[in-house]
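One file, final32.pdb, carrying PDB, C-alpha atoms and all ligand atoms:
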ATOM      1  CA  MET I  17     155.861 100.073 134.357  1.00  0.00           C
ATOM      2  CA  SER I  18     156.954  96.498 134.074  1.00  0.00           C
ATOM      3  CA  SER I  19     157.172  95.554 130.385  1.00  0.00           C
ATOM      4  CA  ASN I  20     155.734  92.095 131.056  1.00  0.00           C
ATOM      5  CA  PHE I  21     152.332  93.404 132.171  1.00  0.00           C
ATOM      6  CA  PRO I  22     149.686  91.956 129.832  1.00  0.00           C
ATOM      7  CA  GLN I  23     147.641  94.264 127.611  1.00  0.00           C
ATOM      8  CA  PHE I  24     144.743  93.430 125.284  1.00  0.00           C
ATOM      9  CA  VAL I  25     142.593  95.353 122.853  1.00  0.00           C
ATOM     10  CA  THR I  26     139.114  93.906 122.235  1.00  0.00           C
ATOM     11  CA  LYS I  27     136.240  95.223 120.134  1.00  0.00           C
ATOM     12  CA  ARG I  28     135.149  97.757 122.767  1.00  0.00           C
ATOM     13  CA  LEU I  29     137.849  97.745 125.460  1.00  0.00           C
ATOM     14  CA  VAL I  30     141.504  98.262 126.289  1.00  0.00           C
ATOM     15  CA  ILE I  31     142.431  95.800 129.042  1.00  0.00           C
ATOM     16  CA  ARG I  32     145.583  95.993 131.138  1.00  0.00           C
ATOM     17  CA  VAL I  33     147.076  96.198 134.632  1.00  0.00           C
ATOM     18  CA  ALA I  34     146.656  99.688 136.169  1.00  0.00           C
ATOM     19  CA  MET I  35     149.695 101.972 135.944  1.00  0.00           C
ATOM     20  CA  ALA I  36     150.660 104.640 138.488  1.00  0.00           C
ATOM     21  CA  SER I  37     149.157 107.247 136.159  1.00  0.00           C
ATOM     22  CA  ASP I  38     145.735 105.499 136.399  1.00  0.00           C
ATOM     23  CA  ALA I  39     145.300 106.258 140.135  1.00  0.00           C
ATOM     24  CA  GLU I  40     143.038 109.265 139.530  1.00  0.00           C
ATOM     25  CA  LYS I  41     140.791 107.312 137.124  1.00  0.00           C
ATOM     26  CA  LEU I  42     140.588 104.322 139.450  1.00  0.00           C
ATOM     27  CA  CYS I  43     139.655 106.613 142.339  1.00  0.00           C
ATOM     28  CA  GLN I  44     136.947 108.221 140.152  1.00  0.00           C
ATOM     29  CA  TYR I  45     135.600 104.760 139.254  1.00  0.00           C
ATOM     30  CA  TYR I  46     135.007 103.932 142.929  1.00  0.00           C
ATOM     31  CA  VAL I  47     133.727 107.402 143.879  1.00  0.00           C
ATOM     32  CA  ARG I  48     131.197 107.474 141.007  1.00  0.00           C
ATOM     33  CA  ASN I  49     130.023 103.927 141.638  1.00  0.00           C
ATOM     34  CA  GLN I  50     129.959 103.971 145.426  1.00  0.00           C
ATOM     35  CA  LEU I  51     126.156 103.445 145.693  1.00  0.00           C
ATOM     36  CA  HIS I  52     126.106 100.886 142.858  1.00  0.00           C
ATOM     37  CA  LEU I  53     128.863  98.754 144.403  1.00  0.00           C
ATOM     38  CA  SER I  54     128.169  99.105 148.134  1.00  0.00           C
ATOM     39  CA  PRO I  55     125.629  96.213 148.425  1.00  0.00           C
ATOM     40  CA  TRP I  56     128.184  93.768 146.935  1.00  0.00           C
ATOM     41  CA  GLU I  57     131.486  94.810 148.518  1.00  0.00           C
ATOM     42  CA  PRO I  58     133.019  95.057 152.009  1.00  0.00           C
ATOM     43  CA  LYS I  59     132.368  98.287 153.919  1.00  0.00           C
ATOM     44  CA  ARG I  60     134.939 100.877 152.800  1.00  0.00           C
ATOM     45  CA  SER I  61     136.671 103.527 154.898  1.00  0.00           C
ATOM     46  CA  ASP I  62     136.656 107.205 153.831  1.00  0.00           C
ATOM     47  CA  ALA I  63     140.336 106.780 152.867  1.00  0.00           C
ATOM     48  CA  TYR I  64     139.296 104.272 150.174  1.00  0.00           C
ATOM     49  CA  TYR I  65     137.875 107.133 148.111  1.00  0.00           C
ATOM     50  CA  THR I  66     141.079 109.182 148.061  1.00  0.00           C
ATOM     51  CA  LEU I  67     143.796 109.473 145.403  1.00  0.00           C
ATOM     52  CA  ARG I  68     146.462 108.468 147.957  1.00  0.00           C
ATOM     53  CA  TRP I  69     144.679 105.162 148.598  1.00  0.00           C
ATOM     54  CA  TRP I  70     144.710 104.292 144.897  1.00  0.00           C
ATOM     55  CA  GLN I  71     148.340 105.336 144.450  1.00  0.00           C
ATOM     56  CA  LEU I  72     149.268 102.910 147.239  1.00  0.00           C
ATOM     57  CA  ARG I  73     146.914 100.207 145.940  1.00  0.00           C
ATOM     58  CA  ILE I  74     148.445 100.357 142.438  1.00  0.00           C
ATOM     59  CA  ALA I  75     151.904  99.896 143.966  1.00  0.00           C
ATOM     60  CA  GLN I  76     150.516  96.852 145.794  1.00  0.00           C
ATOM     61  CA  ILE I  77     148.928  95.543 142.557  1.00  0.00           C
ATOM     62  CA  HIS I  78     152.371  95.680 140.896  1.00  0.00           C
ATOM     63  CA  ALA I  79     154.000  93.879 143.847  1.00  0.00           C
ATOM     64  CA  GLU I  80     151.307  91.170 143.684  1.00  0.00           C
ATOM     65  CA  PHE I  81     151.816  90.806 139.918  1.00  0.00           C
ATOM     66  CA  ASN I  82     155.570  90.502 140.374  1.00  0.00           C
ATOM     67  CA  ASP I  83     155.298  87.824 143.075  1.00  0.00           C
ATOM     68  CA  ALA I  84     152.538  86.083 141.040  1.00  0.00           C
ATOM     69  CA  SER I  85     150.046  86.121 143.933  1.00  0.00           C
ATOM     70  CA  ALA I  86     147.358  88.172 142.144  1.00  0.00           C
ATOM     71  CA  ILE I  87     146.606  89.864 138.814  1.00  0.00           C
ATOM     72  CA  SER I  88     144.263  92.861 138.771  1.00  0.00           C
ATOM     73  CA  PHE I  89     142.989  94.076 135.417  1.00  0.00           C
ATOM     74  CA  ILE I  90     141.241  97.285 134.462  1.00  0.00           C
ATOM     75  CA  ALA I  91     139.070  97.676 131.348  1.00  0.00           C
ATOM     76  CA  MET I  92     139.062 101.093 129.701  1.00  0.00           C
ATOM     77  CA  THR I  93     137.153 102.793 126.914  1.00  0.00           C
ATOM     78  CA  PRO I  94     139.077 102.587 123.594  1.00  0.00           C
ATOM     79  CA  ASP I  95     140.363 106.180 124.037  1.00  0.00           C
ATOM     80  CA  LYS I  96     141.538 105.217 127.569  1.00  0.00           C
ATOM     81  CA  SER I  97     139.731 108.209 129.068  1.00  0.00           C
ATOM     82  CA  GLU I  98     137.655 106.179 131.527  1.00  0.00           C
ATOM     83  CA  ILE I  99     137.905 102.989 133.552  1.00  0.00           C
ATOM     84  CA  VAL I 100     134.807 100.947 132.767  1.00  0.00           C
ATOM     85  CA  ALA I 101     135.343  97.796 134.844  1.00  0.00           C
ATOM     86  CA  VAL I 102     137.790  95.967 137.107  1.00  0.00           C
ATOM     87  CA  ALA I 103     138.620  92.266 137.598  1.00  0.00           C
ATOM     88  CA  ASN I 104     140.872  90.837 140.280  1.00  0.00           C
ATOM     89  CA  PHE I 105     142.304  87.328 140.151  1.00  0.00           C
ATOM     90  CA  SER I 106     143.522  86.874 143.717  1.00  0.00           C
ATOM     91  CA  ASN I 107     145.088  84.212 145.933  1.00  0.00           C
ATOM     92  CA  ILE I 108     146.809  82.575 142.967  1.00  0.00           C
ATOM     93  CA  ILE I 109     148.305  79.286 144.097  1.00  0.00           C
ATOM     94  CA  GLN I 110     150.383  77.164 141.714  1.00  0.00           C
ATOM     95  CA  GLY I 111     151.758  73.661 142.538  1.00  0.00           C
ATOM     96  CA  VAL I 112     149.109  70.953 142.538  1.00  0.00           C
ATOM     97  CA  PHE I 113     146.296  73.522 143.032  1.00  0.00           C
ATOM     98  CA  LYS I 114     146.789  76.018 140.160  1.00  0.00           C
ATOM     99  CA  SER I 115     143.720  78.004 141.206  1.00  0.00           C
ATOM    100  CA  CYS I 116     142.586  81.478 142.203  1.00  0.00           C
ATOM    101  CA  TYR I 117     139.529  83.567 143.086  1.00  0.00           C
ATOM    102  CA  LEU I 118     137.905  86.075 140.768  1.00  0.00           C
ATOM    103  CA  GLY I 119     136.187  89.317 141.828  1.00  0.00           C
ATOM    104  CA  TYR I 120     134.785  91.968 139.440  1.00  0.00           C
ATOM    105  CA  SER I 121     132.545  94.948 138.858  1.00  0.00           C
ATOM    106  CA  ILE I 122     131.487  97.288 136.070  1.00  0.00           C
ATOM    107  CA  ALA I 123     130.439 100.948 136.253  1.00  0.00           C
ATOM    108  CA  LYS I 124     126.677 101.451 136.511  1.00  0.00           C
ATOM    109  CA  ALA I 125     126.729 103.516 133.295  1.00  0.00           C
ATOM    110  CA  HIS I 126     128.149 100.557 131.305  1.00  0.00           C
ATOM    111  CA  GLU I 127     126.131  97.693 132.832  1.00  0.00           C
ATOM    112  CA  GLY I 128     124.082  95.260 130.713  1.00  0.00           C
ATOM    113  CA  GLN I 129     125.885  95.747 127.383  1.00  0.00           C
ATOM    114  CA  GLY I 130     127.912  92.553 127.342  1.00  0.00           C
ATOM    115  CA  LEU I 131     131.119  94.401 128.246  1.00  0.00           C
ATOM    116  CA  MET I 132     131.772  92.192 131.280  1.00  0.00           C
ATOM    117  CA  VAL I 133     131.536  89.090 129.108  1.00  0.00           C
ATOM    118  CA  GLU I 134     134.007  90.651 126.639  1.00  0.00           C
ATOM    119  CA  PHE I 135     136.340  91.730 129.475  1.00  0.00           C
ATOM    120  CA  LEU I 136     136.308  88.528 131.535  1.00  0.00           C
ATOM    121  CA  GLN I 137     136.558  86.212 128.529  1.00  0.00           C
ATOM    122  CA  THR I 138     139.828  87.926 127.617  1.00  0.00           C
ATOM    123  CA  CYS I 139     141.194  87.859 131.175  1.00  0.00           C
ATOM    124  CA  LEU I 140     140.197  84.212 131.676  1.00  0.00           C
ATOM    125  CA  GLY I 141     142.015  83.261 128.478  1.00  0.00           C
ATOM    126  CA  PHE I 142     145.182  84.820 129.885  1.00  0.00           C
ATOM    127  CA  MET I 143     144.793  83.156 133.297  1.00  0.00           C
ATOM    128  CA  PHE I 144     144.297  79.685 131.793  1.00  0.00           C
ATOM    129  CA  GLU I 145     146.613  79.835 128.800  1.00  0.00           C
ATOM    130  CA  ASN I 146     149.465  82.035 130.077  1.00  0.00           C
ATOM    131  CA  VAL I 147     149.377  81.754 133.867  1.00  0.00           C
ATOM    132  CA  GLY I 148     148.532  78.059 133.500  1.00  0.00           C
ATOM    133  CA  LEU I 149     145.679  77.805 135.994  1.00  0.00           C
ATOM    134  CA  ASN I 150     143.456  74.742 136.219  1.00  0.00           C
ATOM    135  CA  ARG I 151     140.521  76.423 138.019  1.00  0.00           C
ATOM    136  CA  VAL I 152     139.129  79.902 138.614  1.00  0.00           C
ATOM    137  CA  MET I 153     136.606  80.244 141.452  1.00  0.00           C
ATOM    138  CA  ALA I 154     133.975  82.991 141.715  1.00  0.00           C
ATOM    139  CA  ASN I 155     131.323  83.302 144.405  1.00  0.00           C
ATOM    140  CA  TYR I 156     128.206  85.474 144.609  1.00  0.00           C
ATOM    141  CA  ILE I 157     125.405  86.407 146.991  1.00  0.00           C
ATOM    142  CA  PRO I 158     122.251  84.510 145.904  1.00  0.00           C
ATOM    143  CA  VAL I 159     120.226  87.701 145.298  1.00  0.00           C
ATOM    144  CA  ASN I 160     122.958  89.062 142.981  1.00  0.00           C
ATOM    145  CA  GLU I 161     121.250  87.679 139.899  1.00  0.00           C
ATOM    146  CA  ARG I 162     123.307  89.767 137.444  1.00  0.00           C
ATOM    147  CA  SER I 163     126.492  88.264 138.810  1.00  0.00           C
ATOM    148  CA  GLY I 164     125.077  84.724 138.704  1.00  0.00           C
ATOM    149  CA  ALA I 165     123.909  85.241 135.092  1.00  0.00           C
ATOM    150  CA  LEU I 166     127.303  86.603 134.061  1.00  0.00           C
ATOM    151  CA  LEU I 167     129.145  83.621 135.554  1.00  0.00           C
ATOM    152  CA  GLN I 168     126.735  81.202 133.889  1.00  0.00           C
ATOM    153  CA  ARG I 169     127.221  82.931 130.546  1.00  0.00           C
ATOM    154  CA  LEU I 170     131.004  82.475 130.963  1.00  0.00           C
ATOM    155  CA  GLY I 171     130.613  78.761 131.695  1.00  0.00           C
ATOM    156  CA  PHE I 172     131.149  78.753 135.471  1.00  0.00           C
ATOM    157  CA  GLU I 173     129.405  75.854 137.205  1.00  0.00           C
ATOM    158  CA  ARG I 174     127.805  75.840 140.627  1.00  0.00           C
ATOM    159  CA  GLU I 175     129.835  73.773 143.087  1.00  0.00           C
ATOM    160  CA  GLY I 176     128.203  74.560 146.390  1.00  0.00           C
ATOM    161  CA  TYR I 177     126.708  76.966 148.859  1.00  0.00           C
ATOM    162  CA  ALA I 178     128.596  78.490 151.779  1.00  0.00           C
ATOM    163  CA  ARG I 179     126.708  80.012 154.718  1.00  0.00           C
ATOM    164  CA  LYS I 180     128.003  83.303 156.107  1.00  0.00           C
ATOM    165  CA  TYR I 181     130.935  83.127 153.700  1.00  0.00           C
ATOM    166  CA  LEU I 182     132.046  86.784 153.404  1.00  0.00           C
ATOM    167  CA  LYS I 183     131.397  89.966 155.374  1.00  0.00           C
ATOM    168  CA  ILE I 184     129.786  92.132 152.690  1.00  0.00           C
ATOM    169  CA  ALA I 185     128.186  95.538 153.298  1.00  0.00           C
ATOM    170  CA  GLY I 186     128.725  95.008 157.027  1.00  0.00           C
ATOM    171  CA  SER I 187     127.135  91.584 157.483  1.00  0.00           C
ATOM    172  CA  TRP I 188     128.103  87.948 156.949  1.00  0.00           C
ATOM    173  CA  GLN I 189     126.472  86.823 153.722  1.00  0.00           C
ATOM    174  CA  ASP I 190     125.804  83.386 152.262  1.00  0.00           C
ATOM    175  CA  HIS I 191     127.389  82.798 148.835  1.00  0.00           C
ATOM    176  CA  VAL I 192     126.848  80.479 145.882  1.00  0.00           C
ATOM    177  CA  LEU I 193     130.228  78.902 145.029  1.00  0.00           C
ATOM    178  CA  THR I 194     131.075  78.484 141.345  1.00  0.00           C
ATOM    179  CA  ALA I 195     134.155  77.575 139.334  1.00  0.00           C
ATOM    180  CA  LEU I 196     135.409  77.337 135.759  1.00  0.00           C
ATOM    181  CA  LEU I 197     137.943  74.669 134.784  1.00  0.00           C
ATOM    182  CA  HIS I 198     140.618  75.176 132.145  1.00  0.00           C
ATOM    183  CA  GLU I 199     139.398  72.124 130.208  1.00  0.00           C
ATOM    184  CA  ASP I 200     135.810  73.447 130.116  1.00  0.00           C
ATOM    185  CA  TRP I 201     137.098  76.857 129.031  1.00  0.00           C
ATOM    186  CA  SER I 202     139.040  75.255 126.168  1.00  0.00           C
ATOM    187  CA  ALA I 203     136.064  73.123 125.071  1.00  0.00           C
ATOM    188  CA  ARG I 204     133.795  76.211 124.957  1.00  0.00           C
ATOM    189  CA  LYS I 205     136.443  78.170 123.059  1.00  0.00           C
ATOM    190  CA  ALA I 206     136.722  75.426 120.429  1.00  0.00           C
ATOM    191  CA  LEU I 207     132.935  75.651 119.840  1.00  0.00           C
ATOM    192  CA  ASN I 208     133.000  79.435 119.231  1.00  0.00           C
TER     193      ASN I 208
HETATM  194  C1  LIG I 301     127.648  91.690 138.124  1.00  0.00           C
HETATM  195  C2  LIG I 301     128.028  92.656 137.031  1.00  0.00           C
HETATM  196  C3  LIG I 301     129.529  92.706 136.876  1.00  0.00           C
HETATM  197  C4  LIG I 301     127.384  92.146 135.714  1.00  0.00           C
HETATM  198  O1  LIG I 301     127.715  93.052 134.662  1.00  0.00           O
HETATM  199  P1  LIG I 301     126.871  93.190 133.328  1.00  0.00           P
HETATM  200  O2  LIG I 301     127.190  94.488 132.736  1.00  0.00           O
HETATM  201  O3  LIG I 301     125.445  92.886 133.610  1.00  0.00           O
HETATM  202  O4  LIG I 301     127.477  92.020 132.452  1.00  0.00           O
HETATM  203  P2  LIG I 301     127.331  91.832 130.852  1.00  0.00           P
HETATM  204  O5  LIG I 301     126.430  92.882 130.299  1.00  0.00           O
HETATM  205  O6  LIG I 301     128.655  91.684 130.266  1.00  0.00           O
HETATM  206  O7  LIG I 301     126.686  90.419 130.673  1.00  0.00           O
HETATM  207  C5  LIG I 301     125.493  90.116 131.161  1.00  0.00           C
HETATM  208  C6  LIG I 301     124.341  90.317 130.144  1.00  0.00           C
HETATM  209  O8  LIG I 301     124.480  91.314 129.135  1.00  0.00           O
HETATM  210  C7  LIG I 301     123.830  90.845 127.941  1.00  0.00           C
HETATM  211  N1  LIG I 301     124.405  91.451 126.733  1.00  0.00           N
HETATM  212  C8  LIG I 301     123.973  92.615 126.227  1.00  0.00           C
HETATM  213  N2  LIG I 301     124.699  92.917 125.139  1.00  0.00           N
HETATM  214  C9  LIG I 301     125.589  91.943 124.943  1.00  0.00           C
HETATM  215  C10 LIG I 301     126.614  91.698 123.975  1.00  0.00           C
HETATM  216  N3  LIG I 301     126.852  92.566 122.975  1.00  0.00           N
HETATM  217  N4  LIG I 301     127.393  90.591 124.086  1.00  0.00           N
HETATM  218  C11 LIG I 301     127.189  89.709 125.097  1.00  0.00           C
HETATM  219  N5  LIG I 301     126.238  89.900 126.046  1.00  0.00           N
HETATM  220  C12 LIG I 301     125.436  90.989 125.955  1.00  0.00           C
HETATM  221  C13 LIG I 301     124.016  89.387 127.963  1.00  0.00           C
HETATM  222  O9  LIG I 301     122.895  88.796 127.325  1.00  0.00           O
HETATM  223  C14 LIG I 301     124.080  89.064 129.412  1.00  0.00           C
HETATM  224  O10 LIG I 301     122.794  88.689 129.794  1.00  0.00           O
HETATM  225  P3  LIG I 301     122.438  87.194 130.161  1.00  0.00           P
HETATM  226  O11 LIG I 301     122.563  87.159 131.626  1.00  0.00           O
HETATM  227  O12 LIG I 301     121.047  87.095 129.713  1.00  0.00           O
HETATM  228  O13 LIG I 301     123.407  86.298 129.460  1.00  0.00           O
HETATM  229  C15 LIG I 301     127.467  94.083 137.307  1.00  0.00           C
HETATM  230  O14 LIG I 301     126.079  93.999 137.494  1.00  0.00           O
HETATM  231  C16 LIG I 301     128.097  94.753 138.527  1.00  0.00           C
HETATM  232  O15 LIG I 301     129.169  95.333 138.454  1.00  0.00           O
HETATM  233  N6  LIG I 301     127.411  94.682 139.684  1.00  0.00           N
HETATM  234  C17 LIG I 301     127.885  95.322 140.908  1.00  0.00           C
HETATM  235  C18 LIG I 301     129.135  94.642 141.462  1.00  0.00           C
HETATM  236  C19 LIG I 301     128.989  93.149 141.612  1.00  0.00           C
HETATM  237  O16 LIG I 301     127.902  92.641 141.847  1.00  0.00           O
HETATM  238  N7  LIG I 301     130.105  92.423 141.464  1.00  0.00           N
HETATM  239  C20 LIG I 301     130.107  90.993 141.572  1.00  0.00           C
HETATM  240  C21 LIG I 301     130.115  90.527 142.972  1.00  0.00           C
HETATM  241  S1  LIG I 301     130.037  88.756 143.050  1.00  0.00           S
END
Would you mind writing the file out in structure tokens?
Ligand SMILES: CC(C)(COP(=O)(O)OP(=O)(O)OC[C@H]1O[C@@H](n2cnc3c(N)ncnc32)[C@H](O)[C@@H]1OP(=O)(O)O)[C@@H](O)C(=O)NCCC(=O)NCCS
Amino acid sequence: MSSNFPQFVTKRLVIRVAMASDAEKLCQYYVRNQLHLSPWEPKRSDAYYTLRWWQLRIAQIHAEFNDASAISFIAMTPDKSEIVAVANFSNIIQGVFKSCYLGYSIAKAHEGQGLMVEFLQTCLGFMFENVGLNRVMANYIPVNERSGALLQRLGFEREGYARKYLKIAGSWQDHVLTALLHEDWSARKALN
């Protein structure tokens, strides 16, 4: 494992980039939560639920980290026995843009306990303060009220509405477009 992978310990979570040895746990996360996640994610092939898929995906996650195009975090229980949630900061572009997209989910069994707030607040701090981003964008399907509430709680602001924006669960779905700016993140942090 690359020694420069970030790692954080919060009140209820251990947060880091997945290692090769996490493939089994990551596979279990998606197998166990297949029904819970399927309305909000692209259609998955049968291969997606295999150990081999996650071994290859973790290798890709490391390549993306090393070329600075994406950072994918996992959140684990304090004893590291289970993956609780995932967050992917993708399409990182530096230069005059300094922006990326954020995608996330939490296991059904851990939903509604404020763990996503705890997880994403930590990851966002790293993306703004260490990676140096100016903007993180996150988009959700209008009926996904939990996702909208989570983004609002984190300080994301609505910027627009895109029709037929992503092909989710087999059909093109409208999305609410939101974003969080580094300066707004810093102002909120100073208040807390
Ligand atoms: C969207 C999703 C990630 C939200 O996760 P969540 O577990 O509801 O998120 P959290 O519990 O961290 O935060 C949300 C609520 O928990 C509440 N909460 C409970 N205990 C809390 C605590 N100790 N600290 C902070 N918040 C707490 C908060 O009040 C917050 O509610 P609010 O909306 O009234 O502010 C989750 O529903 C999910 O994985 N859905 C399926 C996949 C998905 O939709 N992904 C996103 C696609 S855009």
Selection as a VMD selection string: residues within 10 Å of ligand LIG 301 (chain I) by all atoms listed in the file: chain I and resid 28 49 to 57 100 to 103 118 to 137 154 to 170 184 191 to 192
field: Answer key for the PyMOL selection byres (((chain I and resi 62-77) around 9) and not hetatm), residues as a PyMOL selection string
entry: chain I and resi 33-40+42-44+46-47+50+60-61+78-82+86-88
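The residue set within 8 Å of Ile109 (chain I), counting all atoms listed in the file and dropping same-chain residues fewer than 6 places from it, reads I:Ser85, I:Ser115, I:Cys116.
Between Arg32 (chain I) and the residues I:Gly186, I:Pro94, I:Gly171, I:Pro58, the shortest atom-to-atom distance, using all atoms listed in the file, involves I:Pro94.
For the atom pair formed by CA of Asn150 (chain I) and CA of Pro22 (chain I), the distance is 19.4 Å, given to one decimal.
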- prompt: At what distance in Å, to one decimal, does CA of Ile108 (chain I) lie from CA of Cys139 (chain I)?
  reply: 14.1 Å
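CA of Thr138 (chain I) sits 14.1 Å away from CA of Leu196 (chain I).
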- prompt: Got a sec: who's within 6 Å of Thr194 (chain I), counting only C-alpha atoms, leaving out chain neighbours fewer than 2 positions off, as a PyMOL selection string?
  reply: chain I and resi 153-155+172-175
task: Using all atoms listed in the file, pick whichever of I:Ala195, I:Ala91, I:Val152, I:Ala185 has the shortest atom-to-atom distance to Gln23 (chain I).
output: I:Ala91
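Shortest atom-to-atom contact with Trp188 (chain I) among I:Lys59, I:Lys96, I:Lys114, I:Arg204: I:Lys59, counting only C-alpha atoms.
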- request: Kindly indicate which residue among I:Ile31, I:Leu140, I:Met92, I:Val25 lies nearest to Ser202 (chain I), using all atoms listed in the file for the distances.
  value: I:Leu140
query: Looking at only C-alpha atoms, which of I:Phe24, I:Phe105, I:Phe144, I:Tyr181 is the one that sits closest to Glu199 (chain I)?
result: I:Phe144
Would you mind completing region 137-160 of chain I to N, CA and C atoms and writing the output as a compact mmCIF listing (two decimals), keeping the file's coordinate frame?
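Dumped to selection-v3.txt:
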# COMPACT_ATOMS: atom_id res chain seq x y z
N GLN I 137 136.12 87.27 129.45
CA GLN I 137 136.56 86.21 128.53
C GLN I 137 138.04 86.40 128.18
N THR I 138 138.43 87.64 127.96
CA THR I 138 139.83 87.93 127.62
C THR I 138 140.75 87.62 128.80
N CYS I 139 140.36 88.09 129.98
CA CYS I 139 141.19 87.86 131.18
C CYS I 139 141.31 86.37 131.49
N LEU I 140 140.18 85.65 131.37
CA LEU I 140 140.20 84.21 131.68
C LEU I 140 141.12 83.47 130.71
N GLY I 141 141.11 83.87 129.45
CA GLY I 141 142.01 83.26 128.48
C GLY I 141 143.46 83.41 128.93
N PHE I 142 143.81 84.59 129.42
CA PHE I 142 145.18 84.82 129.88
C PHE I 142 145.48 83.96 131.12
N MET I 143 144.54 83.90 132.05
CA MET I 143 144.79 83.16 133.30
C MET I 143 144.96 81.65 133.03
N PHE I 144 144.18 81.12 132.09
CA PHE I 144 144.30 79.68 131.79
C PHE I 144 145.50 79.40 130.89
N GLU I 145 145.63 80.19 129.83
CA GLU I 145 146.61 79.83 128.80
C GLU I 145 148.02 80.35 129.12
N ASN I 146 148.14 81.48 129.79
CA ASN I 146 149.46 82.04 130.08
C ASN I 146 149.91 81.79 131.50
N VAL I 147 149.00 82.00 132.46
CA VAL I 147 149.38 81.75 133.87
C VAL I 147 149.34 80.25 134.15
N GLY I 148 148.54 79.52 133.38
CA GLY I 148 148.53 78.06 133.50
C GLY I 148 147.62 77.52 134.59
N LEU I 149 146.57 78.27 134.93
CA LEU I 149 145.68 77.81 135.99
C LEU I 149 144.80 76.64 135.52
N ASN I 150 144.38 75.84 136.48
CA ASN I 150 143.46 74.74 136.22
C ASN I 150 142.02 75.14 136.57
N ARG I 151 141.86 76.09 137.51
CA ARG I 151 140.52 76.42 138.02
C ARG I 151 140.48 77.88 138.45
N VAL I 152 139.39 78.56 138.09
CA VAL I 152 139.13 79.90 138.61
C VAL I 152 137.80 79.83 139.37
N MET I 153 137.81 80.32 140.60
CA MET I 153 136.61 80.24 141.45
C MET I 153 135.99 81.64 141.60
N ALA I 154 134.67 81.72 141.53
CA ALA I 154 133.98 82.99 141.72
C ALA I 154 132.69 82.73 142.50
N ASN I 155 132.44 83.54 143.50
CA ASN I 155 131.32 83.30 144.40
C ASN I 155 130.43 84.53 144.49
N TYR I 156 129.11 84.32 144.59
CA TYR I 156 128.21 85.47 144.61
C TYR I 156 127.06 85.28 145.61
N ILE I 157 126.54 86.42 146.07
CA ILE I 157 125.40 86.41 146.99
C ILE I 157 124.17 85.99 146.19
N PRO I 158 123.36 85.05 146.71
CA PRO I 158 122.25 84.51 145.90
C PRO I 158 121.36 85.57 145.26
N VAL I 159 121.11 86.69 145.92
CA VAL I 159 120.23 87.70 145.30
C VAL I 159 120.93 88.51 144.21
N ASN I 160 122.23 88.33 144.03
CA ASN I 160 122.96 89.06 142.98
C ASN I 160 122.80 88.33 141.65
